[in-house]
$ cat work_16.txt   # compact mmCIF, C-alpha atoms
# COMPACT_ATOMS: atom_id res chain seq x y z
CA MET I 1 137.37 103.36 70.91
CA ALA I 2 138.84 100.53 68.85
CA VAL I 3 136.37 98.71 66.66
CA ASN I 4 138.45 95.70 65.60
CA LYS I 5 137.03 92.32 66.51
CA PRO I 6 138.26 91.63 70.06
CA PHE I 7 138.40 87.82 70.14
CA LEU I 8 138.50 85.07 67.56
CA ALA I 9 136.48 82.53 69.51
CA TRP I 10 133.87 84.47 71.45
CA ASP I 11 130.26 83.54 70.86
CA ARG I 12 128.37 86.47 69.34
CA GLN I 13 125.39 84.22 68.58
CA LEU I 14 124.41 84.33 72.25
CA LEU I 15 123.71 88.05 71.82
CA ARG I 16 120.49 89.19 70.16
CA ALA I 17 119.79 92.62 68.74
CA GLY I 18 117.60 94.58 71.13
CA ASP I 19 118.57 92.55 74.20
CA ARG I 20 119.32 94.36 77.44
CA VAL I 21 122.49 92.60 78.56
CA CYS I 22 123.82 93.10 82.09
CA VAL I 23 127.50 92.13 82.45
CA ALA I 24 128.56 90.73 85.83
CA VAL I 25 131.76 92.72 86.48
CA SER I 26 134.00 91.74 89.38
CA GLY I 27 136.86 93.98 88.28
CA GLY I 28 139.03 91.03 87.28
CA ALA I 29 140.54 90.66 83.81
CA ASP I 30 137.83 88.37 82.40
CA SER I 31 134.79 90.47 83.29
CA THR I 32 136.53 93.75 82.46
CA ALA I 33 137.40 92.36 79.02
CA LEU I 34 133.84 91.12 78.45
CA LEU I 35 132.41 94.56 79.20
CA LEU I 36 134.85 96.25 76.82
CA ALA I 37 134.31 93.62 74.12
CA LEU I 38 130.52 94.11 74.14
CA LEU I 39 130.90 97.87 73.94
CA GLU I 40 133.35 97.57 71.05
CA ALA I 41 131.08 95.14 69.21
CA ASN I 42 128.23 97.62 69.67
CA ALA I 43 130.39 100.27 67.95
CA GLU I 44 131.23 98.20 64.85
CA LYS I 45 129.91 99.06 61.38
CA THR I 46 127.47 96.19 61.89
CA PRO I 47 126.79 96.61 65.60
CA LEU I 48 125.37 94.00 67.93
CA GLY I 49 122.50 96.34 68.73
CA ILE I 50 122.32 95.41 72.42
CA VAL I 51 121.84 97.64 75.45
CA VAL I 52 124.75 97.13 77.87
CA SER I 53 124.67 97.61 81.63
CA ALA I 54 126.78 96.19 84.47
CA ALA I 55 126.35 94.72 87.92
CA HIS I 56 128.91 94.22 90.69
CA VAL I 57 128.46 92.03 93.78
CA HIS I 58 130.36 92.96 96.95
CA HIS I 59 130.48 89.73 98.97
CA GLY I 60 131.37 91.29 102.32
CA LEU I 61 134.73 89.50 102.29
CA ARG I 62 138.37 90.60 101.90
CA GLY I 63 137.83 93.97 103.60
CA ALA I 64 139.60 96.87 101.91
CA ASP I 65 140.47 94.79 98.84
CA ALA I 66 136.78 94.19 98.10
CA ASP I 67 136.05 97.90 98.61
CA ALA I 68 138.82 98.71 96.13
CA ASP I 69 137.31 96.24 93.63
CA GLU I 70 133.98 98.06 93.90
CA ALA I 71 135.63 101.45 93.47
CA PHE I 72 137.47 100.18 90.37
CA VAL I 73 134.24 98.92 88.79
CA ARG I 74 132.44 102.17 89.60
CA GLU I 75 135.20 104.22 87.96
CA LEU I 76 135.33 101.90 84.94
CA CYS I 77 131.57 102.08 84.32
CA GLU I 78 131.46 105.82 84.85
CA ARG I 79 134.27 106.31 82.31
CA LEU I 80 132.60 103.97 79.81
CA GLN I 81 129.18 105.52 80.51
CA VAL I 82 127.69 102.14 81.43
CA PRO I 83 124.84 102.03 83.99
CA LEU I 84 125.93 100.06 87.07
CA GLN I 85 124.11 98.33 89.92
CA VAL I 86 126.05 97.31 93.01
CA PHE I 87 124.80 94.57 95.32
CA ARG I 88 126.16 94.01 98.84
CA VAL I 89 125.64 90.57 100.33
CA ASP I 90 126.69 88.86 103.57
CA THR I 91 128.51 85.72 102.45
CA ALA I 92 129.68 84.73 105.93
CA ALA I 93 126.10 84.80 107.27
CA ARG I 94 124.89 82.67 104.35
CA GLN I 95 127.72 80.20 104.87
CA ALA I 96 126.85 79.79 108.54
CA ALA I 97 123.11 79.52 107.96
CA GLU I 98 123.29 77.04 105.07
CA ARG I 99 126.45 75.19 106.17
CA GLU I 100 127.97 75.72 102.76
CA GLY I 101 131.56 76.17 101.68
CA LEU I 102 132.69 79.77 101.28
CA GLU I 103 132.91 79.53 97.48
CA GLU I 104 129.46 77.93 97.24
CA ALA I 105 127.85 80.53 99.50
CA ALA I 106 129.40 83.40 97.52
CA ARG I 107 128.31 81.86 94.20
CA GLU I 108 124.71 81.31 95.35
CA LEU I 109 124.39 84.87 96.64
CA ARG I 110 125.99 86.30 93.50
CA TYR I 111 123.66 84.47 91.13
CA ASP I 112 120.63 85.24 93.28
CA ALA I 113 121.44 88.94 93.01
CA LEU I 114 122.04 88.74 89.26
CA ARG I 115 118.91 86.70 88.59
CA GLY I 116 116.98 89.31 90.53
CA LEU I 117 117.63 91.65 87.61
CA LEU I 118 115.95 89.12 85.32
CA ARG I 119 113.05 88.56 87.71
CA GLN I 120 112.44 92.30 87.93
CA GLY I 121 112.51 92.65 84.16
CA LEU I 122 115.55 94.96 84.29
CA ALA I 123 117.58 92.81 81.89
CA ASP I 124 116.94 90.15 79.28
CA ALA I 125 120.26 88.40 79.83
CA VAL I 126 123.04 88.36 82.40
CA ALA I 127 126.48 87.84 80.86
CA THR I 128 129.25 86.25 82.93
CA ALA I 129 132.89 86.11 81.84
CA HIS I 130 133.71 82.41 82.21
CA THR I 131 136.58 81.39 79.92
CA LEU I 132 137.92 78.25 78.28
CA ASP I 133 140.35 77.93 81.20
CA ASP I 134 137.43 78.06 83.64
CA GLN I 135 135.64 75.37 81.64
CA ALA I 136 138.66 73.05 81.65
CA GLU I 137 139.20 73.53 85.38
CA THR I 138 135.53 72.89 86.11
CA VAL I 139 135.41 69.66 84.10
CA MET I 140 138.61 68.43 85.78
CA MET I 141 137.16 69.16 89.23
CA LYS I 142 134.02 67.24 88.29
CA LEU I 143 136.12 64.31 87.05
CA LEU I 144 137.98 64.24 90.35
CA ARG I 145 134.67 64.12 92.22
CA GLY I 146 133.28 61.29 90.07
CA ALA I 147 130.54 63.33 88.41
CA TRP I 148 127.90 62.03 85.99
CA THR I 149 127.45 63.45 82.51
CA GLU I 150 125.48 66.44 83.81
CA GLY I 151 128.51 67.36 85.90
CA LEU I 152 131.00 66.68 83.12
CA GLY I 153 129.00 69.13 81.00
CA GLY I 154 130.74 71.79 83.04
CA ILE I 155 129.69 75.39 82.45
CA SER I 156 126.84 75.78 79.98
CA PRO I 157 127.20 78.56 77.37
CA GLU I 158 123.58 79.52 77.97
CA VAL I 159 121.09 78.81 80.73
CA LYS I 160 117.57 79.68 79.68
CA GLY I 161 114.69 80.37 82.02
CA SER I 162 116.96 81.90 84.67
CA GLY I 163 114.51 84.64 85.51
CA VAL I 164 110.79 84.47 86.19
CA ARG I 165 107.79 82.73 84.69
CA ASP I 166 106.08 84.95 82.15
CA GLN I 167 102.84 83.84 80.52
CA GLY I 168 103.55 80.18 81.16
CA SER I 169 107.19 80.11 80.01
CA GLU I 170 110.52 80.84 81.67
CA SER I 171 112.12 84.13 80.68
CA GLY I 172 115.63 85.45 81.09
CA ARG I 173 119.03 83.95 80.26
CA VAL I 174 122.49 83.64 81.72
CA ILE I 175 125.06 83.66 78.91
CA ARG I 176 128.84 83.07 78.75
CA PRO I 177 130.15 84.57 75.49
CA LEU I 178 133.84 84.05 76.39
CA LEU I 179 133.62 80.32 77.07
CA GLY I 180 135.79 79.57 74.03
CA VAL I 181 138.43 82.23 74.82
CA ARG I 182 141.69 81.54 76.67
CA ARG I 183 142.63 83.64 79.69
CA ALA I 184 145.94 84.62 78.09
CA GLU I 185 144.09 86.05 75.08
CA ILE I 186 141.92 88.12 77.39
CA GLU I 187 144.92 89.65 79.14
CA SER I 188 146.51 90.39 75.76
CA PHE I 189 143.29 92.12 74.68
CA LEU I 190 143.26 94.32 77.78
CA ASN I 191 146.93 95.19 77.44
CA SER I 192 146.38 96.22 73.83
CA ARG I 193 143.69 98.65 75.08
CA GLU I 194 145.90 99.82 77.98
CA GLN I 195 143.10 98.76 80.32
CA GLY I 196 144.05 97.56 83.76
CA TRP I 197 142.15 95.17 86.00
CA ARG I 198 141.99 94.00 89.59
CA GLU I 199 143.78 90.90 90.88
CA ASP I 200 142.01 88.91 93.62
CA ALA I 201 144.64 87.66 96.08
CA THR I 202 142.41 84.70 97.00
CA ASN I 203 142.98 83.32 93.48
CA ARG I 204 146.39 82.21 94.81
CA ASP I 205 144.99 80.55 97.95
CA LEU I 206 145.92 76.89 97.52
CA SER I 207 143.56 75.82 100.30
CA LEU I 208 140.77 76.25 97.71
CA THR I 209 140.28 73.27 95.40
CA ARG I 210 139.84 75.30 92.23
CA ASN I 211 143.11 77.14 92.83
CA ARG I 212 144.98 73.89 93.35
CA VAL I 213 143.53 72.58 90.10
CA ARG I 214 144.40 75.84 88.32
CA HIS I 215 147.93 76.34 89.62
CA GLU I 216 149.11 72.79 90.32
CA LEU I 217 147.17 70.19 88.34
CA MET I 218 146.46 71.93 85.02
CA PRO I 219 150.12 72.86 84.36
CA VAL I 220 151.07 69.20 84.85
CA LEU I 221 148.33 68.04 82.46
CA ARG I 222 149.45 70.56 79.84
CA GLY I 223 152.85 68.93 80.03
CA PHE I 224 151.23 65.72 78.78
CA ASN I 225 148.91 67.46 76.30
CA PRO I 226 149.33 71.18 75.53
CA SER I 227 145.76 71.19 74.19
CA VAL I 228 144.21 69.56 77.26
CA ASP I 229 142.01 72.64 77.91
CA ASP I 230 140.43 72.30 74.46
CA ALA I 231 140.03 68.54 74.96
CA LEU I 232 138.22 69.04 78.26
CA ALA I 233 135.99 71.72 76.71
CA ARG I 234 135.07 69.30 73.90
CA LEU I 235 134.29 66.64 76.51
CA ALA I 236 131.97 69.12 78.23
CA ALA I 237 130.13 69.86 74.99
CA ILE I 238 129.69 66.13 74.28
CA ALA I 239 128.49 65.49 77.84
CA ARG I 240 125.88 68.28 77.57
CA ASP I 241 124.54 66.76 74.35
CA GLU I 242 124.46 63.29 75.92
CA GLU I 243 122.67 64.59 78.99
CA SER I 244 120.11 66.44 76.88
CA TYR I 245 119.31 63.24 74.97
CA TRP I 246 119.06 61.11 78.10
CA GLN I 247 116.84 63.56 79.93
CA ALA I 248 114.31 63.39 77.11
CA GLU I 249 114.61 59.61 76.79
CA VAL I 250 114.17 58.94 80.51
CA ALA I 251 111.22 61.35 80.65
CA ARG I 252 109.61 59.29 77.89
CA LEU I 253 110.42 55.91 79.46
CA LEU I 254 109.82 56.55 83.15
CA PRO I 255 105.99 56.72 83.06
CA GLN I 256 106.01 53.25 81.47
CA VAL I 257 107.89 51.60 84.34
CA LEU I 258 107.29 53.72 87.44
CA LEU I 259 104.91 52.25 90.03
CA PRO I 260 103.48 54.74 92.56
CA GLY I 261 103.28 53.94 96.26
CA LYS I 262 103.61 50.33 97.41
CA PRO I 263 101.80 47.04 96.78
CA VAL I 264 99.05 45.90 99.17
CA ARG I 265 97.88 42.45 100.14
CA GLY I 266 95.32 41.11 97.68
CA GLY I 267 96.58 43.19 94.76
CA GLY I 268 96.63 46.82 93.82
CA ARG I 269 98.76 49.61 95.25
CA ALA I 270 98.46 52.04 98.13
CA VAL I 271 99.38 55.42 96.74
CA SER I 272 98.68 57.29 99.97
CA THR I 273 101.57 56.99 102.42
CA ALA I 274 102.57 58.26 105.83
CA VAL I 275 102.53 62.03 106.24
CA GLY I 276 105.50 63.54 104.40
CA GLU I 277 106.58 60.24 102.83
CA GLN I 278 107.34 59.93 99.14
CA SER I 279 107.36 56.49 97.58
CA CYS I 280 107.67 54.75 94.21
CA ALA I 281 108.91 51.44 92.78
CA VAL I 282 109.93 49.56 89.66
CA GLU I 283 109.66 45.88 88.82
CA VAL I 284 113.03 44.13 88.91
CA ALA I 285 112.10 42.20 85.78
CA ARG I 286 111.57 45.48 83.91
CA LEU I 287 115.02 46.63 84.98
CA ALA I 288 116.53 43.34 83.87
CA ALA I 289 115.14 43.82 80.36
CA MET I 290 116.86 47.19 80.00
CA PRO I 291 120.37 47.84 78.67
CA ALA I 292 122.74 48.72 81.50
CA ALA I 293 122.93 52.38 80.46
CA VAL I 294 119.14 52.75 80.55
CA ARG I 295 118.86 50.81 83.82
CA ARG I 296 121.32 53.13 85.49
CA ARG I 297 119.44 56.23 84.33
CA VAL I 298 116.08 54.84 85.43
CA VAL I 299 117.38 54.08 88.92
CA ARG I 300 118.68 57.62 89.25
CA ALA I 301 115.35 59.00 87.99
CA LEU I 302 113.48 56.97 90.61
CA GLY I 303 115.66 58.53 93.27
CA ARG I 304 114.74 61.98 91.98
CA GLU I 305 111.04 61.01 92.11
CA VAL I 306 111.31 60.85 95.89
CA GLY I 307 113.50 63.95 96.14
CA SER I 308 117.00 62.49 96.27
CA ARG I 309 120.01 62.80 93.94
CA LEU I 310 121.89 59.52 93.89
CA THR I 311 125.67 59.64 93.68
CA ALA I 312 127.60 57.25 91.45
CA GLU I 313 128.42 55.08 94.48
CA GLU I 314 124.81 55.03 95.68
CA THR I 315 123.55 54.15 92.20
CA ALA I 316 125.94 51.19 92.09
CA LYS I 317 124.65 50.01 95.48
CA VAL I 318 121.01 50.25 94.38
CA LEU I 319 121.77 48.26 91.24
CA ALA I 320 123.59 45.64 93.32
CA LEU I 321 120.55 45.45 95.60
CA ALA I 322 118.48 44.61 92.52
CA GLY I 323 121.00 41.94 91.51
CA PHE I 324 122.92 43.86 88.84
CA GLY I 325 126.62 43.98 89.63
CA GLY I 326 128.46 43.34 92.84
CA VAL I 327 129.21 45.91 95.54
CA ALA I 328 130.92 44.97 98.79
CA GLY I 329 128.46 44.85 101.68
CA VAL I 330 125.35 44.90 99.46
CA THR I 331 123.27 41.78 98.94
CA GLY I 332 120.48 41.21 96.45
CA ARG I 333 118.52 38.94 98.78
CA ILE I 334 114.75 39.41 99.05
CA GLY I 335 113.97 41.78 101.91
CA SER I 336 117.38 43.51 101.83
CA ARG I 337 117.40 47.25 102.36
CA LEU I 338 119.72 50.21 101.83
CA GLU I 339 119.80 53.30 104.04
CA LEU I 340 121.23 56.17 102.00
CA ARG I 341 121.73 59.91 102.41
CA GLU I 342 118.92 62.37 103.14
CA GLY I 343 116.66 59.69 104.58
CA LEU I 344 116.40 57.73 101.33
CA ARG I 345 115.62 54.01 101.70
CA VAL I 346 115.59 51.38 98.98
CA GLU I 347 114.16 47.88 99.59
CA ARG I 348 114.23 44.74 97.46
CA SER I 349 111.11 42.60 97.43
CA ALA I 350 110.46 39.47 95.39
CA ARG I 351 109.22 41.53 92.45
CA GLU I 352 110.09 45.18 93.06
CA LEU I 353 112.71 47.69 93.97
CA ARG I 354 110.99 50.26 96.16
CA PHE I 355 112.25 53.78 96.95
CA TRP I 356 110.88 55.88 99.75
CA ARG I 357 111.90 58.90 101.72
CA ASN I 358 110.33 60.68 104.66
CA GLY I 359 109.96 64.45 104.43
CA VAL I 360 113.06 66.19 105.75

$ encode --input "work_16.txt" --output "structure tokens"
Amino acid sequence: MAVNKPFLAWDRQLLRAGDRVCVAVSGGADSTALLLALLEANAEKTPLGIVVSAAHVHHGLRGADADADEAFVRELCERLQVPLQVFRVDTAARQAAEREGLEEAARELRYDALRGLLRQGLADAVATAHTLDDQAETVMMKLLRGAWTEGLGGISPEVKGSGVRDQGSESGRVIRPLLGVRRAEIESFLNSREQGWREDATNRDLSLTRNRVRHELMPVLRGFNPSVDDALARLAAIARDEESYWQAEVARLLPQVLLPGKPVRGGGRAVSTAVGEQSCAVEVARLAAMPAAVRRRVVRALGREVGSRLTAEETAKVLALAGFGGVAGVTGRIGSRLELREGLRVERSARELRFWRNGV
């Protein structure tokens, strides 16, 4: 087995000596390369010192092609002497039950199976083979959907606490060591090892948004900027840092301005509400004293307090209701109310902006 360093930009710092690392292997080029790269790094003069295993998820889709993917992964792991676990899930049933898109249903089932290894203490980390190309595509999709900074952060190199609570802290990690590696470099690596891989025909299905971004939009953007993938990856890293800062800042600020329940005649507040109702408020004057960036974050945090994630459009409407900015069809008059998704209601009183939501 070759022991030369496989990639220039892969993140070895995500891998800790002694860790049991389970590689999610679909049979495609990226995951096949990740498995080989970890094994090669374990065979270097200064080895990683990790214990490598693999997992494959059969999604119950694509018939004989999916069966062939599983057979390929089984043969690969047997040849490389890597322990393998195979999970079979019913993606179509999940999609129907949860009313999700096919990609979303498959992703949720896949990660649930992989995190099960962490919950059961069978692995310390699950490694997925997301690449720089995947990162750029993800950020572009988020931009098209009008995401906030948490969305623009794209794919995180490491997600801690992905397993189970252990002695008061979250254990287990999902790691992406190839997030700085281009797809073309991965294919070159495999070809240099004379290692084949499986091609998923659905990766060419242009009815799927990601495939349209990958095959239609990204080539056009590279015509404007050949380094657009790197630029989008840098944007993701900046957005993750920004989001980390703001999460801590809002957590510090929110207790100072959040008012539980609703005001009652004669003063005071009624914290107890109707069965299943969640309610909180903020004084409009307190919002007015905040910089716009803080005000926007506080409004979104108040939505989360009652179990709702405000979109960019909804946040703008709530701010307009409080008298900050203009949105067509929204008035800041006293007594005005917004009816938003998931049963969320926001009402403007003389002094407060009140959020409430019935249990759904």

$ closest_residue --input "work_16.txt" --among "I:Leu217, I:Leu15, I:Val57, I:Ala125" --to "Ala106 (chain I)" --atoms "only C-alpha atoms"
I:Val57

$ closest_atom_pairs --input "work_16.txt" --of "region 146-236 of chain I" --to "region 80-103 of chain I" --cutoff "10 Å" --atoms "all atoms listed in the file" --output "JSON lines"
{"residue": "I:Leu208", "atom": "CA", "partner": "I:Glu103", "partner_atom": "CA", "distance": 8.5}
{"residue": "I:Thr209", "atom": "CA", "partner": "I:Glu103", "partner_atom": "CA", "distance": 9.9}
{"residue": "I:Arg210", "atom": "CA", "partner": "I:Glu103", "partner_atom": "CA", "distance": 9.7}

$ atom_distance --input "work_16.txt" --atom1 "CA of Ala64 (chain I)" --atom2 "CA of Arg198 (chain I)"
12.9 Å

$ residues_around --input "work_16.txt" --residues "region 248-260 of chain I" --least-positions-apart "5" --cutoff "12 Å" --atoms "all atoms listed in the file" --output "ChimeraX atom specification"
/I:241-243,268-273,278-290,293-306,351-356

$ residues_around --input "work_16.txt" --residues "Thr131 (chain I)" --least-positions-apart "2" --cutoff "10 Å" --atoms "only C-alpha atoms" --output "list in words"
Trp10, Asp30, Ser31, Thr128, Ala129, Asp133, Asp134, Gln135, Ala136, Glu137, Ile155, Arg176, Pro177, Leu178, Leu179, Gly180, Val181, Arg182, Arg183 and Ile186 of chain I

$ atom_distance --input "work_16.txt" --atom1 "CA of Thr311 (chain I)" --atom2 "CA of Arg345 (chain I)"
14.0 Å

$ residues_around --input "work_16.txt" --residues "region 324-333 of chain I" --least-positions-apart "4" --cutoff "9 Å" --atoms "only C-alpha atoms" --output "ChimeraX atom specification"
/I:288,292,316-320,337-338,348-350

$ residues_near_point --input "work_16.txt" --point "(138.6, 71.1, 75.8)" --cutoff "10 Å" --atoms "only C-alpha atoms" --output "ChimeraX atom specification"
/I:132-133,135-137,139,180,227-237

$ residues_around --input "work_16.txt" --residues "Ala147 (chain I)" --least-positions-apart "4" --cutoff "12 Å" --atoms "all atoms listed in the file" --output "PDB file with C-alpha atoms, in the coordinates of the input"
ATOM      1  CA  THR I 138     135.530  72.890  86.110  1.00  0.00           C
ATOM      2  CA  VAL I 139     135.410  69.660  84.100  1.00  0.00           C
ATOM      3  CA  MET I 140     138.610  68.430  85.780  1.00  0.00           C
ATOM      4  CA  MET I 141     137.160  69.160  89.230  1.00  0.00           C
ATOM      5  CA  LYS I 142     134.020  67.240  88.290  1.00  0.00           C
ATOM      6  CA  LEU I 143     136.120  64.310  87.050  1.00  0.00           C
ATOM      7  CA  GLY I 151     128.510  67.360  85.900  1.00  0.00           C
ATOM      8  CA  LEU I 152     131.000  66.680  83.120  1.00  0.00           C
ATOM      9  CA  GLY I 153     129.000  69.130  81.000  1.00  0.00           C
ATOM     10  CA  GLY I 154     130.740  71.790  83.040  1.00  0.00           C
ATOM     11  CA  ALA I 236     131.970  69.120  78.230  1.00  0.00           C
ATOM     12  CA  ALA I 239     128.490  65.490  77.840  1.00  0.00           C
ATOM     13  CA  ARG I 309     120.010  62.800  93.940  1.00  0.00           C
ATOM     14  CA  LEU I 310     121.890  59.520  93.890  1.00  0.00           C
ATOM     15  CA  THR I 311     125.670  59.640  93.680  1.00  0.00           C
ATOM     16  CA  ALA I 312     127.600  57.250  91.450  1.00  0.00           C
ATOM     17  CA  GLU I 313     128.420  55.080  94.480  1.00  0.00           C
TER      18      GLU I 313
END

$ atom_distance --input "work_16.txt" --atom1 "CA of Gln195 (chain I)" --atom2 "CA of Gly49 (chain I)"
23.8 Å

$ decode --input "work_16.txt" --residues "region 108-128 of chain I" --atoms "N, CA and C atoms" --output "PDB file, in the first residue's frame"
ATOM      1  N   GLU I 108     -31.805  12.390   6.350  1.00  0.00           N
ATOM      2  CA  GLU I 108     -32.166  12.214   7.758  1.00  0.00           C
ATOM      3  C   GLU I 108     -32.007  10.758   8.194  1.00  0.00           C
ATOM      4  N   LEU I 109     -32.425   9.830   7.336  1.00  0.00           N
ATOM      5  CA  LEU I 109     -32.290   8.417   7.681  1.00  0.00           C
ATOM      6  C   LEU I 109     -30.824   7.996   7.726  1.00  0.00           C
ATOM      7  N   ARG I 110     -30.031   8.519   6.793  1.00  0.00           N
ATOM      8  CA  ARG I 110     -28.607   8.177   6.751  1.00  0.00           C
ATOM      9  C   ARG I 110     -27.897   8.637   8.022  1.00  0.00           C
ATOM     10  N   TYR I 111     -28.127   9.889   8.408  1.00  0.00           N
ATOM     11  CA  TYR I 111     -27.446  10.406   9.592  1.00  0.00           C
ATOM     12  C   TYR I 111     -27.978   9.762  10.870  1.00  0.00           C
ATOM     13  N   ASP I 112     -29.254   9.408  10.888  1.00  0.00           N
ATOM     14  CA  ASP I 112     -29.785   8.729  12.071  1.00  0.00           C
ATOM     15  C   ASP I 112     -29.098   7.379  12.258  1.00  0.00           C
ATOM     16  N   ALA I 113     -28.879   6.674  11.146  1.00  0.00           N
ATOM     17  CA  ALA I 113     -28.196   5.381  11.227  1.00  0.00           C
ATOM     18  C   ALA I 113     -26.748   5.566  11.677  1.00  0.00           C
ATOM     19  N   LEU I 114     -26.070   6.549  11.111  1.00  0.00           N
ATOM     20  CA  LEU I 114     -24.667   6.767  11.452  1.00  0.00           C
ATOM     21  C   LEU I 114     -24.503   7.246  12.893  1.00  0.00           C
ATOM     22  N   ARG I 115     -25.387   8.134  13.327  1.00  0.00           N
ATOM     23  CA  ARG I 115     -25.304   8.610  14.710  1.00  0.00           C
ATOM     24  C   ARG I 115     -25.636   7.501  15.696  1.00  0.00           C
ATOM     25  N   GLY I 116     -26.382   6.507  15.237  1.00  0.00           N
ATOM     26  CA  GLY I 116     -26.650   5.357  16.096  1.00  0.00           C
ATOM     27  C   GLY I 116     -25.371   4.660  16.526  1.00  0.00           C
ATOM     28  N   LEU I 117     -24.356   4.672  15.661  1.00  0.00           N
ATOM     29  CA  LEU I 117     -23.067   4.090  16.026  1.00  0.00           C
ATOM     30  C   LEU I 117     -22.426   4.862  17.175  1.00  0.00           C
ATOM     31  N   LEU I 118     -22.610   6.188  17.152  1.00  0.00           N
ATOM     32  CA  LEU I 118     -22.081   7.017  18.235  1.00  0.00           C
ATOM     33  C   LEU I 118     -22.874   6.802  19.520  1.00  0.00           C
ATOM     34  N   ARG I 119     -24.195   6.740  19.377  1.00  0.00           N
ATOM     35  CA  ARG I 119     -25.041   6.547  20.568  1.00  0.00           C
ATOM     36  C   ARG I 119     -24.752   5.218  21.259  1.00  0.00           C
ATOM     37  N   GLN I 120     -24.444   4.199  20.445  1.00  0.00           N
ATOM     38  CA  GLN I 120     -24.174   2.874  20.999  1.00  0.00           C
ATOM     39  C   GLN I 120     -22.739   2.714  21.471  1.00  0.00           C
ATOM     40  N   GLY I 121     -21.935   3.768  21.299  1.00  0.00           N
ATOM     41  CA  GLY I 121     -20.546   3.698  21.728  1.00  0.00           C
ATOM     42  C   GLY I 121     -19.673   2.824  20.850  1.00  0.00           C
ATOM     43  N   LEU I 122     -20.100   2.600  19.583  1.00  0.00           N
ATOM     44  CA  LEU I 122     -19.341   1.767  18.663  1.00  0.00           C
ATOM     45  C   LEU I 122     -18.305   2.554  17.875  1.00  0.00           C
ATOM     46  N   ALA I 123     -18.365   3.870  17.943  1.00  0.00           N
ATOM     47  CA  ALA I 123     -17.402   4.731  17.263  1.00  0.00           C
ATOM     48  C   ALA I 123     -17.304   6.037  18.034  1.00  0.00           C
ATOM     49  N   ASP I 124     -16.139   6.670  17.923  1.00  0.00           N
ATOM     50  CA  ASP I 124     -15.953   7.987  18.535  1.00  0.00           C
ATOM     51  C   ASP I 124     -16.263   9.104  17.547  1.00  0.00           C
ATOM     52  N   ALA I 125     -16.108   8.801  16.268  1.00  0.00           N
ATOM     53  CA  ALA I 125     -16.375   9.798  15.227  1.00  0.00           C
ATOM     54  C   ALA I 125     -16.872   9.096  13.977  1.00  0.00           C
ATOM     55  N   VAL I 126     -17.792   9.743  13.294  1.00  0.00           N
ATOM     56  CA  VAL I 126     -18.229   9.319  11.962  1.00  0.00           C
ATOM     57  C   VAL I 126     -17.638  10.298  10.963  1.00  0.00           C
ATOM     58  N   ALA I 127     -16.938   9.774   9.958  1.00  0.00           N
ATOM     59  CA  ALA I 127     -16.300  10.616   8.948  1.00  0.00           C
ATOM     60  C   ALA I 127     -17.088  10.551   7.648  1.00  0.00           C
ATOM     61  N   THR I 128     -17.516  11.701   7.149  1.00  0.00           N
ATOM     62  CA  THR I 128     -18.184  11.760   5.854  1.00  0.00           C
ATOM     63  C   THR I 128     -17.269  12.460   4.852  1.00  0.00           C
TER      64      THR I 128
END
